[in-house]
Amino acid sequence: MTAPVVEAKAPGRAATKPPAPARRRGFAVHFAHYKWLYLLLLPGVLYFAIFRYGPMYGVSIAFKDYVPFLGVNGSPWVGVQHFQDFFANPDFPRLLGNTLILAFLNLGIAFPLTIVLALLLNEVRLSVLKRTVQTLVYIPHFLSWTIVASLSFLLFALDIGPLFQFVNGLFGTNVDILSDPNWFRPLIVLQEIWKNTGWGTIIFLAALATVDQDQYEAAIIDGAGRFRRVWHITLPGIRSTIIVMLILAIGQMLNTGFEQIYLMTNALNRSVADVFDTYVYFVGITQGAYSYSTAVGLFKSLVGIVLIFGTNWLSKRFNQSGLF
Amino acid sequence: MKIHNTRGGRIFDAANYVFLTLVGIITLLPFVYVVAGSFANEAEITRRAFFVWPEQFTLGAYEYIFSTPAFTRALITTVLVTLVGTLIQLILTVTMAYPLAKKNLRGRKLIMSLVVFAMVFSGGMIPTFLLVKDLGLLNSYWALILPAAINPFSLIIIKNFFQELPAELEESAKMDGATEIGILWRILLPLSKPVLATFALFYAVGIWNDFMSPLLYLSDNNMWTLQMYLRQVTAASDLLGTGNVDPSYIPPEQGIKFAVIVVATLPILIFYPFLQKHFAKGMLIGSVKG
């Protein structure tokens with residue numbers, strides 16, 4: 001009974017498929033022709049397959065009970081158990097709060113400061129001054145967080161640090177700024193401002209350079225002063241750049257920067273310092289809860305993706321330019 | 001264009017210039033203090049709150065750190081890992097960028113979209129750690145080089161740069177019988193020297209500054225890099241802290257911390273002018289769009 005079916009199928013396949021071998025042979029010719037190029041491509045492709053996509057496959061342990069000697073494949077599935085555990089854990093609201101507060105402080109203080117600094121630099125007509133200031137404020141971006149943290153440890157060192165004395169003198173207090181939980185967030189934002197505000201101006205300065213100069217002339221003729229020109233011409237001129245950078249910043253909100261937070265965390269400020277990134281490290285690497293911490297990391301990544309697409313959608317919704 | 005400046009405008013300009021000069025100085029002050037402190041003696045650091053020039057000049061802190069094996073080992077290790085790592089990362093990036101710049105290469109689009117996806121989503125810290133562990137790279141310097149070997153941003157920029165080079169160059173070389181690898185080696189690479197130098201510097205800065213990889217992958221403190229050593233030396237307030245500081249460890253005197261920071265910062269500051277030359281032109285930002 002099956003024989004006719006097979007027979008009936010065979011001619012049909014032969015009739016419809018001839019292009020396939022031809023295409024395959026075409027690819028073989030293409031491949032042979034460009035074999036050196038494919039060979040050059042190989043190490044890079046292997047790199048992405050192993051070190052970028054390997055960990056993505058490894059994310060599956062977020063839904064398993066990872067046992068090292070069973071490996072990623074052999075470990076038993078547990079579904080969304082780790083996610084349920086995490087959301088039920090009292091650590092979760094604390095981590096979410098700490099992460100969001102730091103994110104909003106950076107977004108609310110460091111981000112506008114970057115735009116303000118770019119606008120001020122853009123108003124400078126003395127090019128020597130402009131270039132010198134730019135050269136200086138870009139430097140901290142290239143220093144490691146270890147150096148930034150170490151500088152903070154020295155500047156705020158208990159009793160002898162210059163900024164310890166300055167800040168305590170200012171507020172009439174005598175607190176160890178480095179370990180006092182109340183000072184943790186201001187310190188993190190201060191570091192972020194010192195390290196990255198200058199660097200962040202680059203993209204805005206590039207955008208400012210493209211603002212149409214004729215508009216300024218027209219505005220001057222209309223009698224617009226310096227501030228009104230900035231408000232009505234310069235800022236609208238870089239609006240799309242501001243929106244794109246804001247979308248990117250919101251997408252990165254939960255990435256508080258592992259190194260910076262880890263380096264500034266100590267036994268006394270853990271209550272405010274713990275964020276998702278450092279929690280994944282402490283629970284995963286130091287305590288060995290691999291599956292649970294992977295679930296926490298995955299949750300963070302997924303929220304990041306939702307945030308970036310969400311802000312992009314909102315931005316388009318309100319008739320502004322989006323990122324994609 | 002000469003814009004007529006009002007009196008208010010001139011006052012604003014003056015205030016702006018003063019303010020920006022202050023911003024520049026404030027950015028610089030922590031370094032000046034640390035360099036001054038590294039040449040000062042312990043008593044002066046404790047006594048004077050802030051200074052930009054030591055009263056008594058001493059090399060004591062430097063003599064001390066360069067006499068300790070832990071520091072010199074960390075320094076030499078970091079220099080070697082940075083040199084080898086930069087070379088490997090640059091080679092991998094260029095060899096991948098060149099075929100991807102060929103518009104008629106099949107599979108190119110698929111690979112590019114996989115690269116872009118890898119920019120948006122990553123496996124995260126723990127899966128990467130487990131992968132490195134399974135590959136047997138824990139406590140190996142390869143763990144500091146390979147997991148971040150190709151930066152997708154750099155790859156795309158270098159690919160776009162290759163694409164923008166005139167096609168006639170390659171065509172005429174092909175007529176002369178040059179192979180693809182010959183074209184890359186003899187024609188494209190010499191033309192791309194400034195671009196490659198910039199990316200080499202960025203890779204080098206990345207490896208030199210990396211703290212997370214040695215923290216994750218090197219548990220043997222004889223293998224520590226400079227950033228790990230720096231953390232150990234300066235984290236005196238952190239002794240109760242995060243678990244990886246030896247409890248029997250005695251915090252070093254302030255002067256030594258200053259000197260270690262200066263040594264860890266110096267290479268960045270030396271190479272900074274070369275870095276700045278390129279990113280100031282907007283090359284890195286402008287060419288991403290391409």
# chains A, B, ... in the order shown; residues from 1 in each chain; ligands from 1
call {"tool": "interface_residues", "arguments": {"of": "chain A", "to": "chain B", "cutoff": "6 Å", "atoms": "only C-alpha atoms", "output": "list of chain:residue names"}}
result
A:Leu37, A:Leu40, A:Leu41, A:Gly44, A:Phe51, A:Pro55, A:Met56, A:Gly58, A:Val59, A:Val133, A:Leu136, A:Ser144, A:Ser150, A:Ile160, A:Pro162, A:Asn266, A:Ala267, A:Thr294
call {"tool": "write_last_selection", "arguments": {"atoms": "N, CA and C atoms", "output": "mmCIF file, in the first residue's frame"}}
result
data_model
loop_
_atom_site.group_PDB
_atom_site.id
_atom_site.type_symbol
_atom_site.label_atom_id
_atom_site.label_comp_id
_atom_site.auth_asym_id
_atom_site.auth_seq_id
_atom_site.Cartn_x
_atom_site.Cartn_y
_atom_site.Cartn_z
ATOM 1 N N LEU A 37 38.447 33.709 2.118
ATOM 2 C CA LEU A 37 37.643 34.634 2.913
ATOM 3 C C LEU A 37 36.905 33.885 4.013
ATOM 4 N N LEU A 40 39.250 33.087 6.737
ATOM 5 C CA LEU A 40 39.517 34.251 7.590
ATOM 6 C C LEU A 40 38.358 34.494 8.560
ATOM 7 N N LEU A 41 37.160 34.177 8.080
ATOM 8 C CA LEU A 41 35.960 34.421 8.872
ATOM 9 C C LEU A 41 35.851 33.437 10.040
ATOM 10 N N GLY A 44 36.645 34.255 13.916
ATOM 11 C CA GLY A 44 35.673 35.188 14.474
ATOM 12 C C GLY A 44 34.327 34.519 14.711
ATOM 13 N N PHE A 51 31.936 32.111 22.740
ATOM 14 C CA PHE A 51 31.952 33.027 23.883
ATOM 15 C C PHE A 51 30.753 33.971 23.950
ATOM 16 N N PRO A 55 27.292 31.209 26.217
ATOM 17 C CA PRO A 55 26.619 31.653 27.445
ATOM 18 C C PRO A 55 25.107 31.832 27.259
ATOM 19 N N MET A 56 24.675 32.203 26.030
ATOM 20 C CA MET A 56 23.227 32.367 25.824
ATOM 21 C C MET A 56 22.530 31.015 25.968
ATOM 22 N N GLY A 58 23.783 28.677 27.787
ATOM 23 C CA GLY A 58 23.948 28.396 29.216
ATOM 24 C C GLY A 58 22.878 29.041 30.076
ATOM 25 N N VAL A 59 22.212 30.071 29.539
ATOM 26 C CA VAL A 59 21.137 30.728 30.288
ATOM 27 C C VAL A 59 20.040 29.723 30.642
ATOM 28 N N VAL A 133 39.651 72.207 27.915
ATOM 29 C CA VAL A 133 38.664 71.663 28.851
ATOM 30 C C VAL A 133 38.203 70.281 28.382
ATOM 31 N N LEU A 136 40.737 67.649 29.190
ATOM 32 C CA LEU A 136 40.776 67.299 30.616
ATOM 33 C C LEU A 136 39.579 66.453 31.034
ATOM 34 N N SER A 144 40.161 53.036 35.064
ATOM 35 C CA SER A 144 39.342 51.909 35.514
ATOM 36 C C SER A 144 38.542 52.310 36.742
ATOM 37 N N SER A 150 39.738 53.671 44.160
ATOM 38 C CA SER A 150 40.921 53.906 44.984
ATOM 39 C C SER A 150 41.100 55.393 45.274
ATOM 40 N N ILE A 160 41.809 61.654 57.566
ATOM 41 C CA ILE A 160 42.887 62.356 56.867
ATOM 42 C C ILE A 160 42.567 62.743 55.422
ATOM 43 N N PRO A 162 41.275 64.596 52.195
ATOM 44 C CA PRO A 162 40.887 65.998 52.007
ATOM 45 C C PRO A 162 39.376 66.182 51.848
ATOM 46 N N ASN A 266 30.738 47.633 51.000
ATOM 47 C CA ASN A 266 31.422 47.040 52.154
ATOM 48 C C ASN A 266 30.384 46.563 53.150
ATOM 49 N N ALA A 267 30.855 45.935 54.227
ATOM 50 C CA ALA A 267 29.947 45.263 55.157
ATOM 51 C C ALA A 267 28.916 46.225 55.736
ATOM 52 N N THR A 294 21.608 32.882 37.827
ATOM 53 C CA THR A 294 21.389 33.042 36.386
ATOM 54 C C THR A 294 19.970 33.545 36.124
#
call {"tool": "atom_distance", "arguments": {"atom1": "CA of Val137 in chain A", "atom2": "CA of Thr197 in chain A"}}
result
7.7 Å
call {"tool": "residues_around", "arguments": {"residues": "range 80-93 of chain A", "least_positions_apart": "6", "cutoff": "7 Å", "atoms": "only C-alpha atoms", "output": "list in words"}}
result
Ala62, Phe63, Tyr292 and Ala295 of chain A
call {"tool": "atom_distance", "arguments": {"atom1": "CA of Phe199 in chain B", "atom2": "CA of Leu218 in chain B"}}
result
26.0 Å
call {"tool": "residues_around", "arguments": {"residues": "Phe164 in chain A", "least_positions_apart": "3", "cutoff": "12 Å", "atoms": "only C-alpha atoms", "output": "PyMOL selection string"}}
result
(chain A and resi 152-161+167-179+183+187) or (chain B and resi 49-50)
call {"tool": "select_by_dssp", "arguments": {"residues": "range 69-243 of chain B", "states": "alpha helix (DSSP H)", "output": "PyMOL selection string"}}
result
chain B and resi 69-100+108-120+125-134+142-145+152-164+167-175+180-183+189-191+193-209+212-217+226-234
call {"tool": "residues_around", "arguments": {"residues": "range 289-291 of chain A", "least_positions_apart": "2", "cutoff": "6 Å", "atoms": "only C-alpha atoms", "output": "VMD selection string"}}
result
chain A and resid 61 to 62 66 283 to 284 287 293 to 294
call {"tool": "closest_residue", "arguments": {"among": "A:Trp231, A:Phe184, A:Trp199, A:Tyr279", "to": "Leu117 in chain A", "atoms": "only C-alpha atoms"}}
result
A:Trp199
